[in-house]
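Chemist: This is work-v9.pdb, which holds PDB, N, CA and C atoms:
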```pdb
ATOM      1  N   MET A   1      10.830  19.234  20.583  1.00  0.00           N
ATOM      2  CA  MET A   1       9.967  18.283  19.922  1.00  0.00           C
ATOM      3  C   MET A   1       9.156  17.532  20.964  1.00  0.00           C
ATOM      4  N   THR A   2       7.980  17.097  20.574  1.00  0.00           N
ATOM      5  CA  THR A   2       7.118  16.383  21.498  1.00  0.00           C
ATOM      6  C   THR A   2       6.818  14.998  20.956  1.00  0.00           C
ATOM      7  N   GLY A   3       5.909  14.306  21.612  1.00  0.00           N
ATOM      8  CA  GLY A   3       5.540  12.955  21.193  1.00  0.00           C
ATOM      9  C   GLY A   3       4.860  12.946  19.841  1.00  0.00           C
ATOM     10  N   TRP A   4       4.434  11.768  19.455  1.00  0.00           N
ATOM     11  CA  TRP A   4       3.914  11.558  18.114  1.00  0.00           C
ATOM     12  C   TRP A   4       2.530  12.107  17.880  1.00  0.00           C
ATOM     13  N   ARG A   5       1.763  12.339  18.910  1.00  0.00           N
ATOM     14  CA  ARG A   5       0.398  12.819  18.694  1.00  0.00           C
ATOM     15  C   ARG A   5       0.425  14.178  18.032  1.00  0.00           C
ATOM     16  N   GLY A   6      -0.373  14.330  17.024  1.00  0.00           N
ATOM     17  CA  GLY A   6      -0.437  15.608  16.324  1.00  0.00           C
ATOM     18  C   GLY A   6       0.439  15.659  15.093  1.00  0.00           C
ATOM     19  N   LEU A   7       1.371  14.716  14.945  1.00  0.00           N
ATOM     20  CA  LEU A   7       2.170  14.709  13.725  1.00  0.00           C
ATOM     21  C   LEU A   7       1.327  14.109  12.602  1.00  0.00           C
ATOM     22  N   PRO A   8       1.417  14.641  11.402  1.00  0.00           N
ATOM     23  CA  PRO A   8       0.581  14.145  10.312  1.00  0.00           C
ATOM     24  C   PRO A   8       0.951  12.716   9.933  1.00  0.00           C
ATOM     25  N   GLY A   9      -0.048  11.978   9.497  1.00  0.00           N
ATOM     26  CA  GLY A   9       0.205  10.656   8.955  1.00  0.00           C
ATOM     27  C   GLY A   9       0.179   9.517   9.946  1.00  0.00           C
ATOM     28  N   TYR A  10      -0.025   9.784  11.223  1.00  0.00           N
ATOM     29  CA  TYR A  10       0.021   8.679  12.174  1.00  0.00           C
ATOM     30  C   TYR A  10      -1.258   7.869  12.205  1.00  0.00           C
ATOM     31  N   LEU A  11      -2.359   8.432  11.716  1.00  0.00           N
ATOM     32  CA  LEU A  11      -3.633   7.731  11.734  1.00  0.00           C
ATOM     33  C   LEU A  11      -3.939   7.230  10.334  1.00  0.00           C
ATOM     34  N   ILE A  12      -3.982   5.910  10.194  1.00  0.00           N
ATOM     35  CA  ILE A  12      -4.284   5.323   8.894  1.00  0.00           C
ATOM     36  C   ILE A  12      -5.476   4.399   9.035  1.00  0.00           C
ATOM     37  N   ALA A  13      -6.172   4.152   7.954  1.00  0.00           N
ATOM     38  CA  ALA A  13      -7.313   3.245   7.977  1.00  0.00           C
ATOM     39  C   ALA A  13      -6.836   1.829   7.708  1.00  0.00           C
ATOM     40  N   LEU A  14      -7.338   0.879   8.477  1.00  0.00           N
ATOM     41  CA  LEU A  14      -7.026  -0.522   8.237  1.00  0.00           C
ATOM     42  C   LEU A  14      -7.885  -1.047   7.100  1.00  0.00           C
ATOM     43  N   PRO A  15      -7.282  -1.728   6.131  1.00  0.00           N
ATOM     44  CA  PRO A  15      -8.103  -2.367   5.106  1.00  0.00           C
ATOM     45  C   PRO A  15      -9.009  -3.409   5.749  1.00  0.00           C
ATOM     46  N   ALA A  16     -10.159  -3.653   5.146  1.00  0.00           N
ATOM     47  CA  ALA A  16     -11.111  -4.624   5.698  1.00  0.00           C
ATOM     48  C   ALA A  16     -10.480  -5.994   5.870  1.00  0.00           C
ATOM     49  N   THR A  17      -9.499  -6.335   5.029  1.00  0.00           N
ATOM     50  CA  THR A  17      -8.867  -7.651   5.114  1.00  0.00           C
ATOM     51  C   THR A  17      -8.030  -7.810   6.376  1.00  0.00           C
ATOM     52  N   MET A  18      -7.655  -6.714   7.033  1.00  0.00           N
ATOM     53  CA  MET A  18      -6.841  -6.808   8.247  1.00  0.00           C
ATOM     54  C   MET A  18      -7.692  -7.070   9.482  1.00  0.00           C
ATOM     55  N   ALA A  19      -8.965  -6.713   9.427  1.00  0.00           N
ATOM     56  CA  ALA A  19      -9.822  -6.902  10.590  1.00  0.00           C
ATOM     57  C   ALA A  19      -9.923  -8.384  10.913  1.00  0.00           C
ATOM     58  N   GLY A  20      -9.684  -8.723  12.166  1.00  0.00           N
ATOM     59  CA  GLY A  20      -9.800 -10.101  12.606  1.00  0.00           C
ATOM     60  C   GLY A  20      -8.600 -10.968  12.285  1.00  0.00           C
ATOM     61  N   MET A  21      -7.553 -10.420  11.725  1.00  0.00           N
ATOM     62  CA  MET A  21      -6.374 -11.218  11.416  1.00  0.00           C
ATOM     63  C   MET A  21      -5.662 -11.629  12.698  1.00  0.00           C
ATOM     64  N   ALA A  22      -5.132 -12.837  12.714  1.00  0.00           N
ATOM     65  CA  ALA A  22      -4.445 -13.341  13.888  1.00  0.00           C
ATOM     66  C   ALA A  22      -3.048 -12.758  14.016  1.00  0.00           C
ATOM     67  N   LYS A  23      -2.378 -12.472  12.901  1.00  0.00           N
ATOM     68  CA  LYS A  23      -1.003 -11.988  12.947  1.00  0.00           C
ATOM     69  C   LYS A  23      -0.862 -10.719  12.125  1.00  0.00           C
ATOM     70  N   LEU A  24      -0.107  -9.792  12.650  1.00  0.00           N
ATOM     71  CA  LEU A  24       0.151  -8.514  11.992  1.00  0.00           C
ATOM     72  C   LEU A  24       1.648  -8.242  12.029  1.00  0.00           C
ATOM     73  N   THR A  25       2.086  -7.219  11.339  1.00  0.00           N
ATOM     74  CA  THR A  25       3.475  -6.784  11.390  1.00  0.00           C
ATOM     75  C   THR A  25       3.497  -5.336  11.852  1.00  0.00           C
ATOM     76  N   LEU A  26       4.218  -5.054  12.925  1.00  0.00           N
ATOM     77  CA  LEU A  26       4.406  -3.689  13.409  1.00  0.00           C
ATOM     78  C   LEU A  26       5.798  -3.247  12.977  1.00  0.00           C
ATOM     79  N   VAL A  27       5.870  -2.174  12.208  1.00  0.00           N
ATOM     80  CA  VAL A  27       7.144  -1.661  11.723  1.00  0.00           C
ATOM     81  C   VAL A  27       7.534  -0.464  12.580  1.00  0.00           C
ATOM     82  N   TYR A  28       8.721  -0.489  13.137  1.00  0.00           N
ATOM     83  CA  TYR A  28       9.183   0.630  13.943  1.00  0.00           C
ATOM     84  C   TYR A  28      10.701   0.703  13.911  1.00  0.00           C
ATOM     85  N   GLY A  29      11.235   1.824  14.344  1.00  0.00           N
ATOM     86  CA  GLY A  29      12.676   2.003  14.439  1.00  0.00           C
ATOM     87  C   GLY A  29      13.000   2.861  15.643  1.00  0.00           C
ATOM     88  N   MET A  30      14.172   2.641  16.207  1.00  0.00           N
ATOM     89  CA  MET A  30      14.575   3.427  17.382  1.00  0.00           C
ATOM     90  C   MET A  30      16.049   3.794  17.286  1.00  0.00           C
ATOM     91  N   ARG A  31      16.362   4.956  17.827  1.00  0.00           N
ATOM     92  CA  ARG A  31      17.750   5.384  17.933  1.00  0.00           C
ATOM     93  C   ARG A  31      17.830   6.445  19.013  1.00  0.00           C
ATOM     94  N   LEU A  32      18.784   6.314  19.900  1.00  0.00           N
ATOM     95  CA  LEU A  32      19.007   7.328  20.938  1.00  0.00           C
ATOM     96  C   LEU A  32      20.120   8.264  20.498  1.00  0.00           C
ATOM     97  N   LEU A  33      19.877   9.553  20.625  1.00  0.00           N
ATOM     98  CA  LEU A  33      20.854  10.584  20.284  1.00  0.00           C
ATOM     99  C   LEU A  33      20.880  11.600  21.418  1.00  0.00           C
ATOM    100  N   PRO A  34      21.968  12.347  21.548  1.00  0.00           N
ATOM    101  CA  PRO A  34      22.015  13.389  22.576  1.00  0.00           C
ATOM    102  C   PRO A  34      20.922  14.428  22.338  1.00  0.00           C
ATOM    103  N   GLU A  35      20.370  14.944  23.434  1.00  0.00           N
ATOM    104  CA  GLU A  35      19.349  15.982  23.347  1.00  0.00           C
ATOM    105  C   GLU A  35      19.853  17.137  22.496  1.00  0.00           C
ATOM    106  N   GLY A  36      18.993  17.627  21.608  1.00  0.00           N
ATOM    107  CA  GLY A  36      19.336  18.759  20.759  1.00  0.00           C
ATOM    108  C   GLY A  36      19.992  18.379  19.442  1.00  0.00           C
ATOM    109  N   GLU A  37      20.333  17.112  19.224  1.00  0.00           N
ATOM    110  CA  GLU A  37      20.981  16.677  17.990  1.00  0.00           C
ATOM    111  C   GLU A  37      20.024  16.594  16.812  1.00  0.00           C
ATOM    112  N   VAL A  38      18.772  16.240  17.061  1.00  0.00           N
ATOM    113  CA  VAL A  38      17.808  16.036  15.979  1.00  0.00           C
ATOM    114  C   VAL A  38      17.237  17.384  15.544  1.00  0.00           C
ATOM    115  N   THR A  39      17.373  17.675  14.269  1.00  0.00           N
ATOM    116  CA  THR A  39      16.830  18.925  13.741  1.00  0.00           C
ATOM    117  C   THR A  39      15.651  18.691  12.807  1.00  0.00           C
ATOM    118  N   GLU A  40      15.527  17.479  12.257  1.00  0.00           N
ATOM    119  CA  GLU A  40      14.433  17.183  11.346  1.00  0.00           C
ATOM    120  C   GLU A  40      14.181  15.681  11.335  1.00  0.00           C
ATOM    121  N   VAL A  41      12.907  15.309  11.262  1.00  0.00           N
ATOM    122  CA  VAL A  41      12.511  13.907  11.184  1.00  0.00           C
ATOM    123  C   VAL A  41      11.565  13.761  10.007  1.00  0.00           C
ATOM    124  N   GLY A  42      11.819  12.787   9.143  1.00  0.00           N
ATOM    125  CA  GLY A  42      10.976  12.573   7.972  1.00  0.00           C
ATOM    126  C   GLY A  42      10.284  11.225   8.034  1.00  0.00           C
ATOM    127  N   GLU A  43       9.705  10.821   6.923  1.00  0.00           N
ATOM    128  CA  GLU A  43       9.029   9.536   6.821  1.00  0.00           C
ATOM    129  C   GLU A  43      10.017   8.470   6.364  1.00  0.00           C
ATOM    130  N   ALA A  44       9.751   7.233   6.759  1.00  0.00           N
ATOM    131  CA  ALA A  44      10.559   6.104   6.315  1.00  0.00           C
ATOM    132  C   ALA A  44       9.753   5.282   5.317  1.00  0.00           C
ATOM    133  N   PRO A  45      10.323   5.002   4.131  1.00  0.00           N
ATOM    134  CA  PRO A  45       9.591   4.212   3.140  1.00  0.00           C
ATOM    135  C   PRO A  45       9.621   2.720   3.475  1.00  0.00           C
ATOM    136  N   ILE A  46       8.549   2.026   3.095  1.00  0.00           N
ATOM    137  CA  ILE A  46       8.440   0.581   3.271  1.00  0.00           C
ATOM    138  C   ILE A  46       7.990  -0.007   1.942  1.00  0.00           C
ATOM    139  N   LYS A  47       8.684  -1.016   1.450  1.00  0.00           N
ATOM    140  CA  LYS A  47       8.265  -1.696   0.223  1.00  0.00           C
ATOM    141  C   LYS A  47       7.342  -2.847   0.601  1.00  0.00           C
ATOM    142  N   LEU A  48       6.179  -2.900  -0.025  1.00  0.00           N
ATOM    143  CA  LEU A  48       5.183  -3.922   0.260  1.00  0.00           C
ATOM    144  C   LEU A  48       5.266  -5.071  -0.741  1.00  0.00           C
ATOM    145  N   ALA A  49       4.722  -6.209  -0.348  1.00  0.00           N
ATOM    146  CA  ALA A  49       4.762  -7.404  -1.187  1.00  0.00           C
ATOM    147  C   ALA A  49       4.074  -7.195  -2.535  1.00  0.00           C
ATOM    148  N   ASN A  50       3.093  -6.291  -2.585  1.00  0.00           N
ATOM    149  CA  ASN A  50       2.375  -6.037  -3.837  1.00  0.00           C
ATOM    150  C   ASN A  50       3.115  -5.065  -4.752  1.00  0.00           C
ATOM    151  N   GLY A  51       4.336  -4.676  -4.357  1.00  0.00           N
ATOM    152  CA  GLY A  51       5.145  -3.779  -5.169  1.00  0.00           C
ATOM    153  C   GLY A  51       4.948  -2.308  -4.865  1.00  0.00           C
ATOM    154  N   ARG A  52       3.948  -1.983  -4.070  1.00  0.00           N
ATOM    155  CA  ARG A  52       3.694  -0.589  -3.717  1.00  0.00           C
ATOM    156  C   ARG A  52       4.624  -0.156  -2.589  1.00  0.00           C
ATOM    157  N   THR A  53       4.668   1.133  -2.356  1.00  0.00           N
ATOM    158  CA  THR A  53       5.461   1.688  -1.268  1.00  0.00           C
ATOM    159  C   THR A  53       4.528   2.369  -0.274  1.00  0.00           C
ATOM    160  N   ALA A  54       4.760   2.127   1.000  1.00  0.00           N
ATOM    161  CA  ALA A  54       4.028   2.802   2.074  1.00  0.00           C
ATOM    162  C   ALA A  54       5.045   3.632   2.853  1.00  0.00           C
ATOM    163  N   HIS A  55       4.551   4.495   3.708  1.00  0.00           N
ATOM    164  CA  HIS A  55       5.436   5.338   4.499  1.00  0.00           C
ATOM    165  C   HIS A  55       5.053   5.259   5.970  1.00  0.00           C
ATOM    166  N   VAL A  56       6.055   5.271   6.815  1.00  0.00           N
ATOM    167  CA  VAL A  56       5.850   5.282   8.258  1.00  0.00           C
ATOM    168  C   VAL A  56       6.291   6.642   8.769  1.00  0.00           C
ATOM    169  N   THR A  57       5.410   7.280   9.520  1.00  0.00           N
ATOM    170  CA  THR A  57       5.775   8.552  10.132  1.00  0.00           C
ATOM    171  C   THR A  57       6.664   8.274  11.324  1.00  0.00           C
ATOM    172  N   MET A  58       7.790   8.933  11.369  1.00  0.00           N
ATOM    173  CA  MET A  58       8.724   8.771  12.483  1.00  0.00           C
ATOM    174  C   MET A  58       8.263   9.676  13.627  1.00  0.00           C
ATOM    175  N   HIS A  59       8.496   9.242  14.847  1.00  0.00           N
ATOM    176  CA  HIS A  59       8.065   9.984  16.022  1.00  0.00           C
ATOM    177  C   HIS A  59       9.262  10.223  16.931  1.00  0.00           C
ATOM    178  N   VAL A  60       9.235  11.325  17.643  1.00  0.00           N
ATOM    179  CA  VAL A  60      10.333  11.696  18.528  1.00  0.00           C
ATOM    180  C   VAL A  60       9.826  11.765  19.963  1.00  0.00           C
ATOM    181  N   LEU A  61      10.528  11.097  20.860  1.00  0.00           N
ATOM    182  CA  LEU A  61      10.255  11.172  22.292  1.00  0.00           C
ATOM    183  C   LEU A  61      11.519  11.674  22.965  1.00  0.00           C
ATOM    184  N   GLU A  62      11.392  12.631  23.858  1.00  0.00           N
ATOM    185  CA  GLU A  62      12.558  13.187  24.540  1.00  0.00           C
ATOM    186  C   GLU A  62      12.352  13.161  26.040  1.00  0.00           C
ATOM    187  N   GLY A  63      13.433  13.084  26.774  1.00  0.00           N
ATOM    188  CA  GLY A  63      13.388  13.110  28.229  1.00  0.00           C
ATOM    189  C   GLY A  63      14.375  12.128  28.812  1.00  0.00           C
ATOM    190  N   SER A  64      14.189  11.826  30.071  1.00  0.00           N
ATOM    191  CA  SER A  64      15.042  10.836  30.736  1.00  0.00           C
ATOM    192  C   SER A  64      14.633   9.440  30.263  1.00  0.00           C
ATOM    193  N   LYS A  65      15.409   8.449  30.622  1.00  0.00           N
ATOM    194  CA  LYS A  65      15.086   7.066  30.263  1.00  0.00           C
ATOM    195  C   LYS A  65      13.680   6.710  30.728  1.00  0.00           C
ATOM    196  N   ASP A  66      13.367   7.022  31.971  1.00  0.00           N
ATOM    197  CA  ASP A  66      12.042   6.703  32.513  1.00  0.00           C
ATOM    198  C   ASP A  66      10.935   7.462  31.782  1.00  0.00           C
ATOM    199  N   GLU A  67      11.175   8.730  31.470  1.00  0.00           N
ATOM    200  CA  GLU A  67      10.176   9.536  30.759  1.00  0.00           C
ATOM    201  C   GLU A  67       9.931   8.989  29.347  1.00  0.00           C
ATOM    202  N   ILE A  68      11.007   8.600  28.664  1.00  0.00           N
ATOM    203  CA  ILE A  68      10.872   8.056  27.311  1.00  0.00           C
ATOM    204  C   ILE A  68      10.123   6.730  27.352  1.00  0.00           C
ATOM    205  N   GLU A  69      10.465   5.869  28.307  1.00  0.00           N
ATOM    206  CA  GLU A  69       9.773   4.585  28.417  1.00  0.00           C
ATOM    207  C   GLU A  69       8.281   4.780  28.681  1.00  0.00           C
ATOM    208  N   LYS A  70       7.937   5.732  29.542  1.00  0.00           N
ATOM    209  CA  LYS A  70       6.533   6.002  29.846  1.00  0.00           C
ATOM    210  C   LYS A  70       5.808   6.535  28.611  1.00  0.00           C
ATOM    211  N   GLN A  71       6.442   7.480  27.902  1.00  0.00           N
ATOM    212  CA  GLN A  71       5.833   8.033  26.690  1.00  0.00           C
ATOM    213  C   GLN A  71       5.659   6.961  25.620  1.00  0.00           C
ATOM    214  N   LEU A  72       6.652   6.092  25.469  1.00  0.00           N
ATOM    215  CA  LEU A  72       6.581   5.038  24.469  1.00  0.00           C
ATOM    216  C   LEU A  72       5.450   4.064  24.780  1.00  0.00           C
ATOM    217  N   LYS A  73       5.323   3.679  26.032  1.00  0.00           N
ATOM    218  CA  LYS A  73       4.252   2.766  26.430  1.00  0.00           C
ATOM    219  C   LYS A  73       2.886   3.413  26.177  1.00  0.00           C
ATOM    220  N   THR A  74       2.740   4.674  26.560  1.00  0.00           N
ATOM    221  CA  THR A  74       1.481   5.390  26.344  1.00  0.00           C
ATOM    222  C   THR A  74       1.161   5.487  24.857  1.00  0.00           C
ATOM    223  N   SER A  75       2.163   5.794  24.040  1.00  0.00           N
ATOM    224  CA  SER A  75       1.960   5.917  22.599  1.00  0.00           C
ATOM    225  C   SER A  75       1.566   4.584  21.978  1.00  0.00           C
ATOM    226  N   LEU A  76       2.194   3.506  22.409  1.00  0.00           N
ATOM    227  CA  LEU A  76       1.872   2.186  21.873  1.00  0.00           C
ATOM    228  C   LEU A  76       0.445   1.783  22.232  1.00  0.00           C
ATOM    229  N   GLU A  77       0.064   2.032  23.469  1.00  0.00           N
ATOM    230  CA  GLU A  77      -1.313   1.727  23.892  1.00  0.00           C
ATOM    231  C   GLU A  77      -2.318   2.553  23.084  1.00  0.00           C
ATOM    232  N   ALA A  78      -2.026   3.827  22.889  1.00  0.00           N
ATOM    233  CA  ALA A  78      -2.922   4.701  22.132  1.00  0.00           C
ATOM    234  C   ALA A  78      -3.005   4.259  20.673  1.00  0.00           C
ATOM    235  N   PHE A  79      -1.882   3.811  20.106  1.00  0.00           N
ATOM    236  CA  PHE A  79      -1.872   3.344  18.722  1.00  0.00           C
ATOM    237  C   PHE A  79      -2.861   2.198  18.541  1.00  0.00           C
ATOM    238  N   PHE A  80      -2.837   1.221  19.432  1.00  0.00           N
ATOM    239  CA  PHE A  80      -3.739   0.079  19.305  1.00  0.00           C
ATOM    240  C   PHE A  80      -5.188   0.453  19.623  1.00  0.00           C
ATOM    241  N   ASP A  81      -5.408   1.539  20.348  1.00  0.00           N
ATOM    242  CA  ASP A  81      -6.769   2.015  20.580  1.00  0.00           C
ATOM    243  C   ASP A  81      -7.435   2.465  19.270  1.00  0.00           C
ATOM    244  N   PHE A  82      -6.638   2.846  18.275  1.00  0.00           N
ATOM    245  CA  PHE A  82      -7.187   3.245  16.983  1.00  0.00           C
ATOM    246  C   PHE A  82      -7.767   2.052  16.225  1.00  0.00           C
ATOM    247  N   TYR A  83      -7.382   0.848  16.613  1.00  0.00           N
ATOM    248  CA  TYR A  83      -7.788  -0.361  15.889  1.00  0.00           C
ATOM    249  C   TYR A  83      -8.479  -1.346  16.832  1.00  0.00           C
ATOM    250  N   PRO A  84      -9.647  -1.007  17.358  1.00  0.00           N
ATOM    251  CA  PRO A  84     -10.324  -1.896  18.307  1.00  0.00           C
ATOM    252  C   PRO A  84     -10.707  -3.239  17.684  1.00  0.00           C
ATOM    253  N   GLU A  85     -10.789  -3.287  16.363  1.00  0.00           N
ATOM    254  CA  GLU A  85     -11.185  -4.538  15.702  1.00  0.00           C
ATOM    255  C   GLU A  85     -10.085  -5.601  15.717  1.00  0.00           C
ATOM    256  N   ILE A  86      -8.876  -5.236  16.105  1.00  0.00           N
ATOM    257  CA  ILE A  86      -7.821  -6.243  16.171  1.00  0.00           C
ATOM    258  C   ILE A  86      -7.630  -6.643  17.608  1.00  0.00           C
TER
END
```
When written as C-alpha coordinates, how does the structure in this file appear?
Modeler:
Amino acid sequence: MTGWRGLPGYLIALPATMAGMAKLTLVYGMRLLPEGEVTEVGEAPIKLANGRTAHVTMHVLEGSKDEIEKQLKTSLEAFFDFYPEI
(Lines of atoms letter the chains of each structure in order from A and count residues from 1; the text may use other names and numbers.)
(Lines give C-alpha, C1' and ligand atoms only; values in the text may rest on other atoms or scores of the structure.)
Protein backbone atom coordinates (compact mmCIF):
# COMPACT_ATOMS: atom_id res chain seq x y z
CA MET A 1 0.00 0.00 0.00
CA THR A 2 1.13 3.54 -0.64
CA GLY A 3 0.26 7.01 0.59
CA TRP A 4 -3.07 8.70 0.21
CA ARG A 5 -2.51 10.33 -3.16
CA GLY A 6 -4.51 8.60 -5.83
CA LEU A 7 -7.06 7.07 -3.49
CA PRO A 8 -10.60 8.09 -4.44
CA GLY A 9 -12.46 10.63 -2.38
CA TYR A 10 -9.56 12.60 -0.95
CA LEU A 11 -10.34 15.75 -2.94
CA ILE A 12 -13.52 17.50 -1.91
CA ALA A 13 -14.89 20.94 -2.70
CA LEU A 14 -15.15 23.44 0.14
CA PRO A 15 -18.56 25.05 0.46
CA ALA A 16 -18.46 28.82 -0.11
CA THR A 17 -19.34 29.32 3.57
CA MET A 18 -16.02 27.76 4.63
CA ALA A 19 -13.88 30.22 2.69
CA GLY A 20 -12.34 32.75 5.04
CA MET A 21 -13.48 30.99 8.21
CA ALA A 22 -11.23 31.50 11.21
CA LYS A 23 -11.78 28.03 12.69
CA LEU A 24 -12.17 24.64 11.05
CA THR A 25 -12.34 21.03 12.21
CA LEU A 26 -9.85 18.48 10.85
CA VAL A 27 -11.08 14.91 11.31
CA TYR A 28 -8.45 12.18 11.32
CA GLY A 29 -7.57 8.86 12.91
CA MET A 30 -4.36 6.95 13.46
CA ARG A 31 -3.36 3.44 14.41
CA LEU A 32 -0.05 1.62 14.15
CA LEU A 33 -0.13 -2.06 13.18
CA PRO A 34 2.59 -4.52 12.20
CA GLU A 35 3.58 -4.40 8.54
CA GLY A 36 1.41 -6.72 6.45
CA GLU A 37 -1.53 -6.77 8.91
CA VAL A 38 -3.78 -4.40 6.96
CA THR A 39 -5.64 -6.08 4.12
CA GLU A 40 -8.39 -3.52 3.46
CA VAL A 41 -9.12 0.11 4.34
CA GLY A 42 -12.56 1.67 3.98
CA GLU A 43 -14.24 5.00 4.61
CA ALA A 44 -15.14 6.30 8.06
CA PRO A 45 -18.60 7.86 8.49
CA ILE A 46 -19.05 11.24 10.19
CA LYS A 47 -22.39 12.55 11.46
CA LEU A 48 -22.84 16.26 10.79
CA ALA A 49 -24.78 18.81 12.82
CA ASN A 50 -27.34 19.13 10.00
CA GLY A 51 -28.19 15.43 10.34
CA ARG A 52 -26.38 14.38 7.18
CA THR A 53 -23.54 11.89 7.01
CA ALA A 54 -20.16 12.56 5.41
CA HIS A 55 -17.33 10.14 4.80
CA VAL A 56 -13.60 10.41 5.36
CA THR A 57 -11.28 8.42 3.15
CA MET A 58 -8.77 6.54 5.26
CA HIS A 59 -5.13 6.64 4.16
CA VAL A 60 -2.29 4.21 4.75
CA LEU A 61 1.35 5.16 5.28
CA GLU A 62 3.99 2.45 5.67
CA GLY A 63 7.67 2.45 6.53
CA SER A 64 9.91 3.26 9.45
CA LYS A 65 8.92 5.82 12.06
CA ASP A 66 10.92 8.51 10.26
CA GLU A 67 9.49 7.55 6.85
CA ILE A 68 5.91 7.63 8.18
CA GLU A 69 6.45 11.00 9.86
CA LYS A 70 7.88 12.45 6.63
CA GLN A 71 5.01 11.06 4.54
CA LEU A 72 2.43 12.35 7.02
CA LYS A 73 3.92 15.84 7.03
CA THR A 74 4.06 15.90 3.22
CA SER A 75 0.45 14.67 2.98
CA LEU A 76 -0.79 17.26 5.46
CA GLU A 77 0.96 20.08 3.61
CA ALA A 78 -0.45 18.85 0.29
CA PHE A 79 -3.95 18.60 1.78
CA PHE A 80 -3.94 22.29 2.74
CA ASP A 81 -2.57 23.20 -0.71
CA PHE A 82 -5.98 22.11 -2.07
CA TYR A 83 -7.60 24.93 -0.07
CA PRO A 84 -5.57 28.11 -0.69
CA GLU A 85 -8.56 30.21 0.37
CA ILE A 86 -8.16 29.15 4.00
Chemist: Can you work out which one of A:Phe79, A:Gly36, A:Leu72, A:Gly29 has the shortest atom-to-atom distance to Met58 (chain A), counting all atoms listed in the file?
Modeler: A:Gly29
Chemist: What is the CA of Val27 (chain A) to CA of Gly63 (chain A) distance in Å?
Modeler: 23.0 Å
Chemist: Grab the CA of Thr57 (chain A) to atom N of Ala44 (chain A) distance for me, in Å with one decimal place.
Modeler: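 Calculated distance between CA of Thr57 (chain A) and atom N of Ala44 (chain A) is 5.4 Å.
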Chemist: Please report the interatomic distance between CA of Val56 (chain A) and CA of Lys23 (chain A) in Å with one decimal.
Modeler: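 Computing it gives 19.2 Å between the two atoms.
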Chemist: Please return the centre and edge lengths, in Å to one decimal, of a box with edges along x, y and z that contains all listed atoms of region 49-55 of chain A, widened by 8 Å on every side, as AutoDock Vina command-line options.
Modeler:
```
--center_x 3.9 --center_y -1.0 --center_z 0.4 --size_x 19.1 --size_y 28.7 --size_z 27.1
```
Chemist: Evaluate the PyMOL selection byres (((chain A and resi 76 and name CA) around 12) and name CA) here and jot the selected residues down as a ChimeraX atom specification.
Modeler: /A:3-5,10,26,28,59,69-75,77-83
Chemist: Looking only at alpha helix (DSSP H) from DSSP on the backbone, list the matching residues of region 41-83 of chain A as an MDAnalysis selection string.
Modeler: chainID A and resid 65:81
Chemist: From the list A:Val60, A:Ile86, A:Ala49, A:Ala54, which residue is nearest Arg31 (chain A) when using only C-alpha atoms?
Modeler: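 So, comparing all the options, the nearest one is A:Val60.
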Chemist: Compare A:Glu62, A:Lys47, A:Ile68, A:Arg52 by their minimum atom-to-atom distance to Glu35 (chain A), counting all atoms listed in the file, and give me the closest one.
Modeler: A:Glu62
